[in-house]
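Peer 1: Submitted below is the structure of interest, expressed as structure tokens.
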Amino acid sequence: MLNTPFELVTSLGFAGFVLLLVAMPLAFWAVSSQSRGGLVRLLVAMANLLFTAQLILRWWQSGHFPISNLYESLCFLAWACTLTQLLVERAWPSPIVAAAATPMGLGCIAFASFALPDQLQSAAPLVPALRSSWLVMHVSVIMVSYAALLVGSLLSLAVLITDRDQALELRSSSIGSGGFRQAASIGNGGSVQLQSVQLSTNEQLDSLSYRTITVGFLMLTVGIVSGAVWANEAWGSYWSWDPKETWALICWLVYAAYLHTRLSRGWQGRRPAFVAVVGLVVIAVCYIGVNLLGIGLHSYGWFFGA
């Protein structure tokens with residue numbers, strides 16, 4: 001007998017997948033035609049609403065916060081990625097942002113909807129280790145941090161791809177290296193006036209990437225700390241060098257290195273963007289790769305968990 005709520009959950013995810021599938025080529029077309037891409041933002045916003053409804057229905061169906069297995073976390077990550085993309089586009093409504101970020105949300109919901117077997121998509125009771133008030137705090141913050149870091153890293157990848165023949169000066173870091181204004185001398189009296197500087201496309205992408213990764217890094221820090229407190233409650237130890245914990249620490253160190261290169265002003269051009277792109281690989285290993293192995297304390301509820 002068909003489980004109607006389950007079928008509706010998967011249908012909402014499929015509908016969101018279709019919207020993102022339509023939005024992605026439109027985003028690339030908007031980049032090539034240098035149009036505003038308003039239709040793309042509308043499609044992504046509609047997909048985000050569908051993912052929101054999907055998560056709420058899944059919550060009602062399962063009776064617990066929908067982030068306890070791989071299917072639910074992928075749907076949550078797709079929701080967080082599309083929301084992050086929309087927030088970034090509010091700061092700079094460029095189709096380049098959609099072209100860079102939409103594939104991530106599309107990939108998450110596609111993997112959840114088509115790569116996972118039905119038994120892994122079905123809702124199941126929480127295992128004892130997850131029956132804690134820390135579930136919402138720790139896991140949701142970690143997943144939102146992943147979304148911000150992934151979108152920020154994809155924007156860094158766009159920095160490496162676009163306008164490769166032009167030099168890139170990091171004029172929009174938090175310490176104001178060059179800033180958004182420059183001083184200019186006017187008149188014979190030698191007076192100085194601040195004039196606005198129009199940032200190039202690459203500089204805009206770099207600025208958005210830096211700010212998005214900064215937010216993601218702070219949330220990742222909060223997520224790791226809350227996970228350590230939860231681990232002490234559940235297992236009596238703040239840190240056990242579990243594979244997931246180890247790779248989360250590696251992820252934190254990679255993005256800490258990225259922010260350090262920005263703050264120290266030691267690296268210019270596109271070299272910090274390379275560090276952010278390395279973070280994409282590290283997050284993929286931390287989020288998917290470790291769980292594919294089915295080892296460690298974080299393997300429950302995934303591929304090989306109980």
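Going through the structure tokens in order, the chains are called A, B, and so on, while each chain numbers its residues from 1 and the ligands are numbered from 1 in the order shown.
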Mind checking which residues fall within 6 Å of Gly152 in chain A, counting only C-alpha atoms, ignoring those fewer than 3 positions away in the same chain, and posting them as an NGL selection string?
Peer 2: :A and (148-149 or 155 or 209 or 212-213)
Peer 1: Which residues come within 10 Å of Phe51 in chain A, counting only C-alpha atoms, excluding same-chain residues fewer than 2 positions away, as a list in words?
Peer 2: Val9, Leu12, Gly13, Phe14, Ala15, Gly16, Phe17, Ala45, Met46, Ala47, Asn48, Leu49, Ala53, Gln54, Leu55, Ile56, Leu57, Cys75, Phe76, Leu77, Ala78, Trp79, Ala80, Thr82 and Ile109 of chain A
Peer 1: Could you take the residues named above and write them with C-alpha atoms, as an mmCIF file, in the first residue's frame?
Peer 2:
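Produced file result02.cif, reproduced below:
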```
data_model
loop_
_atom_site.group_PDB
_atom_site.id
_atom_site.type_symbol
_atom_site.label_atom_id
_atom_site.label_comp_id
_atom_site.auth_asym_id
_atom_site.auth_seq_id
_atom_site.Cartn_x
_atom_site.Cartn_y
_atom_site.Cartn_z
ATOM 1 C CA VAL A 9 7.360 14.326 0.201
ATOM 2 C CA LEU A 12 7.708 17.958 -3.680
ATOM 3 C CA GLY A 13 11.406 17.137 -3.952
ATOM 4 C CA PHE A 14 10.980 16.081 -7.577
ATOM 5 C CA ALA A 15 9.082 19.294 -8.378
ATOM 6 C CA GLY A 16 11.923 21.332 -6.838
ATOM 7 C CA PHE A 17 14.403 19.319 -8.891
ATOM 8 C CA ALA A 45 12.665 30.920 -5.031
ATOM 9 C CA MET A 46 9.816 28.601 -6.016
ATOM 10 C CA ALA A 47 12.102 25.583 -5.604
ATOM 11 C CA ASN A 48 13.095 26.828 -2.148
ATOM 12 C CA LEU A 49 9.421 27.099 -1.171
ATOM 13 C CA ALA A 53 7.071 22.455 2.285
ATOM 14 C CA GLN A 54 8.850 19.126 1.795
ATOM 15 C CA LEU A 55 10.818 19.471 5.035
ATOM 16 C CA ILE A 56 7.742 20.569 7.011
ATOM 17 C CA LEU A 57 5.716 17.617 5.687
ATOM 18 C CA CYS A 75 16.949 17.739 1.101
ATOM 19 C CA PHE A 76 17.842 20.104 3.950
ATOM 20 C CA LEU A 77 21.133 20.965 2.235
ATOM 21 C CA ALA A 78 19.308 21.671 -1.048
ATOM 22 C CA TRP A 79 16.969 23.996 0.848
ATOM 23 C CA ALA A 80 19.887 25.747 2.571
ATOM 24 C CA THR A 82 18.953 27.669 -2.560
ATOM 25 C CA ILE A 109 18.161 17.096 -4.565
#
```
Peer 1: What is the CA of Ala101 in chain A-CA of Leu21 in chain A distance in Å, reported with one decimal?
Peer 2: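 The value is 12.5 Å.
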Peer 1: Using only C-alpha atoms for the distances, tell me which of A:Gln121, A:Ser68, A:Ser145, A:Thr102 is nearest to Leu218 in chain A.
Peer 2: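 Comparing A:Gln121, A:Ser68, A:Ser145, A:Thr102 against Leu218 in chain A, the winner is A:Ser145.
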Peer 1: So that I can see what lies close to Ala273 in chain A, please list as a list of chain:residue names the residues with an atom at most 8 Å from it, counting only C-alpha atoms and leaving out residues fewer than 4 positions away in the same chain.
Peer 2: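 My list of contacting residues is A:Ser153, A:Ser156, A:Leu157, A:Val159, A:Leu160, A:Asp206, A:Tyr258, A:Val277.
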Peer 1: Give me the residues within 7 Å of range 138-144 of chain A as JSON, numbers by chain, counting only C-alpha atoms and dropping any in the same chain fewer than 2 places off.
Peer 2: {"A": [77, 80, 134, 135, 136, 146, 147, 148, 219, 220, 223, 226, 227]}
Peer 1: Restricted to all heavy atoms, what would the selected residues look like written as an mmCIF file, in the first residue's frame?
Peer 2:
```cif
data_model
loop_
_atom_site.group_PDB
_atom_site.id
_atom_site.type_symbol
_atom_site.label_atom_id
_atom_site.label_comp_id
_atom_site.auth_asym_id
_atom_site.auth_seq_id
_atom_site.Cartn_x
_atom_site.Cartn_y
_atom_site.Cartn_z
ATOM 1 N N LEU A 77 20.013 20.250 2.841
ATOM 2 C CA LEU A 77 21.133 20.965 2.235
ATOM 3 C C LEU A 77 20.702 21.663 0.951
ATOM 4 O O LEU A 77 21.145 22.788 0.674
ATOM 5 C CB LEU A 77 22.278 19.994 1.950
ATOM 6 C CG LEU A 77 23.578 20.606 1.425
ATOM 7 C CD1 LEU A 77 24.139 21.627 2.413
ATOM 8 C CD2 LEU A 77 24.610 19.522 1.164
ATOM 9 N N ALA A 80 18.948 24.744 2.069
ATOM 10 C CA ALA A 80 19.887 25.747 2.571
ATOM 11 C C ALA A 80 20.706 26.370 1.442
ATOM 12 O O ALA A 80 20.990 27.575 1.466
ATOM 13 C CB ALA A 80 20.814 25.111 3.615
ATOM 14 N N TRP A 134 19.918 18.312 21.192
ATOM 15 C CA TRP A 134 21.072 18.818 20.448
ATOM 16 C C TRP A 134 20.979 18.521 18.961
ATOM 17 O O TRP A 134 21.753 19.081 18.169
ATOM 18 C CB TRP A 134 22.363 18.208 21.006
ATOM 19 C CG TRP A 134 22.787 18.784 22.318
ATOM 20 C CD1 TRP A 134 22.614 18.242 23.550
ATOM 21 C CD2 TRP A 134 23.449 20.036 22.528
ATOM 22 N NE1 TRP A 134 23.126 19.065 24.523
ATOM 23 C CE2 TRP A 134 23.652 20.177 23.919
ATOM 24 C CE3 TRP A 134 23.895 21.054 21.683
ATOM 25 C CZ2 TRP A 134 24.272 21.280 24.474
ATOM 26 C CZ3 TRP A 134 24.517 22.156 22.232
ATOM 27 C CH2 TRP A 134 24.698 22.261 23.606
ATOM 28 N N LEU A 135 20.073 17.633 18.546
ATOM 29 C CA LEU A 135 19.974 17.275 17.133
ATOM 30 C C LEU A 135 19.718 18.494 16.268
ATOM 31 O O LEU A 135 20.419 18.728 15.275
ATOM 32 C CB LEU A 135 18.857 16.239 16.939
ATOM 33 C CG LEU A 135 18.531 15.882 15.481
ATOM 34 C CD1 LEU A 135 19.707 15.167 14.832
ATOM 35 C CD2 LEU A 135 17.265 15.026 15.402
ATOM 36 N N VAL A 136 18.708 19.287 16.637
ATOM 37 C CA VAL A 136 18.369 20.463 15.833
ATOM 38 C C VAL A 136 19.498 21.475 15.871
ATOM 39 O O VAL A 136 19.904 22.024 14.832
ATOM 40 C CB VAL A 136 17.053 21.089 16.341
ATOM 41 C CG1 VAL A 136 16.723 22.342 15.541
ATOM 42 C CG2 VAL A 136 15.916 20.078 16.247
ATOM 43 N N TYR A 146 27.632 24.208 5.879
ATOM 44 C CA TYR A 146 28.058 23.569 4.630
ATOM 45 C C TYR A 146 27.497 24.309 3.424
ATOM 46 O O TYR A 146 28.199 24.511 2.419
ATOM 47 C CB TYR A 146 27.584 22.108 4.596
ATOM 48 C CG TYR A 146 28.384 21.152 5.451
ATOM 49 C CD1 TYR A 146 27.943 19.849 5.672
ATOM 50 C CD2 TYR A 146 29.586 21.523 6.036
ATOM 51 C CE1 TYR A 146 28.669 18.949 6.442
ATOM 52 C CE2 TYR A 146 30.318 20.643 6.816
ATOM 53 C CZ TYR A 146 29.853 19.366 7.008
ATOM 54 O OH TYR A 146 30.574 18.496 7.785
ATOM 55 N N ALA A 147 26.216 24.676 3.499
ATOM 56 C CA ALA A 147 25.593 25.374 2.373
ATOM 57 C C ALA A 147 26.310 26.691 2.080
ATOM 58 O O ALA A 147 26.625 27.003 0.927
ATOM 59 C CB ALA A 147 24.112 25.626 2.666
ATOM 60 N N ALA A 148 26.582 27.474 3.130
ATOM 61 C CA ALA A 148 27.271 28.755 2.932
ATOM 62 C C ALA A 148 28.682 28.535 2.396
ATOM 63 O O ALA A 148 29.133 29.254 1.483
ATOM 64 C CB ALA A 148 27.309 29.535 4.248
ATOM 65 N N MET A 219 29.591 29.671 11.405
ATOM 66 C CA MET A 219 28.567 28.679 11.744
ATOM 67 C C MET A 219 29.177 27.290 11.893
ATOM 68 O O MET A 219 28.742 26.497 12.748
ATOM 69 C CB MET A 219 27.476 28.670 10.663
ATOM 70 C CG MET A 219 26.717 29.978 10.549
ATOM 71 S SD MET A 219 25.242 29.857 9.536
ATOM 72 C CE MET A 219 24.182 28.896 10.596
ATOM 73 N N LEU A 220 30.184 26.972 11.079
ATOM 74 C CA LEU A 220 30.864 25.691 11.231
ATOM 75 C C LEU A 220 31.539 25.597 12.597
ATOM 76 O O LEU A 220 31.518 24.544 13.243
ATOM 77 C CB LEU A 220 31.892 25.512 10.116
ATOM 78 C CG LEU A 220 32.710 24.210 10.145
ATOM 79 C CD1 LEU A 220 31.809 22.990 9.980
ATOM 80 C CD2 LEU A 220 33.796 24.233 9.072
ATOM 81 N N GLY A 223 28.905 24.894 15.067
ATOM 82 C CA GLY A 223 28.461 23.514 14.920
ATOM 83 C C GLY A 223 29.428 22.515 15.521
ATOM 84 O O GLY A 223 29.013 21.540 16.157
ATOM 85 N N SER A 226 29.172 22.826 19.388
ATOM 86 C CA SER A 226 27.949 22.199 19.889
ATOM 87 C C SER A 226 28.014 20.687 19.751
ATOM 88 O O SER A 226 27.504 19.951 20.611
ATOM 89 C CB SER A 226 26.728 22.745 19.138
ATOM 90 O OG SER A 226 26.776 22.412 17.761
ATOM 91 N N GLY A 227 28.661 20.195 18.679
ATOM 92 C CA GLY A 227 28.820 18.753 18.529
ATOM 93 C C GLY A 227 29.703 18.165 19.613
ATOM 94 O O GLY A 227 29.455 17.046 20.092
#
```
Peer 1: Using Å and a single decimal, report how far CA of Val18 in chain A sits from CA of Trp92 in chain A.
Peer 2: 25.1 Å
Peer 1: Quick one: pull the distance between CA of Ser94 in chain A and CA of Ser35 in chain A, Å, one decimal.
Peer 2: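 CA of Ser35 in chain A lies 8.5 Å from CA of Ser94 in chain A.
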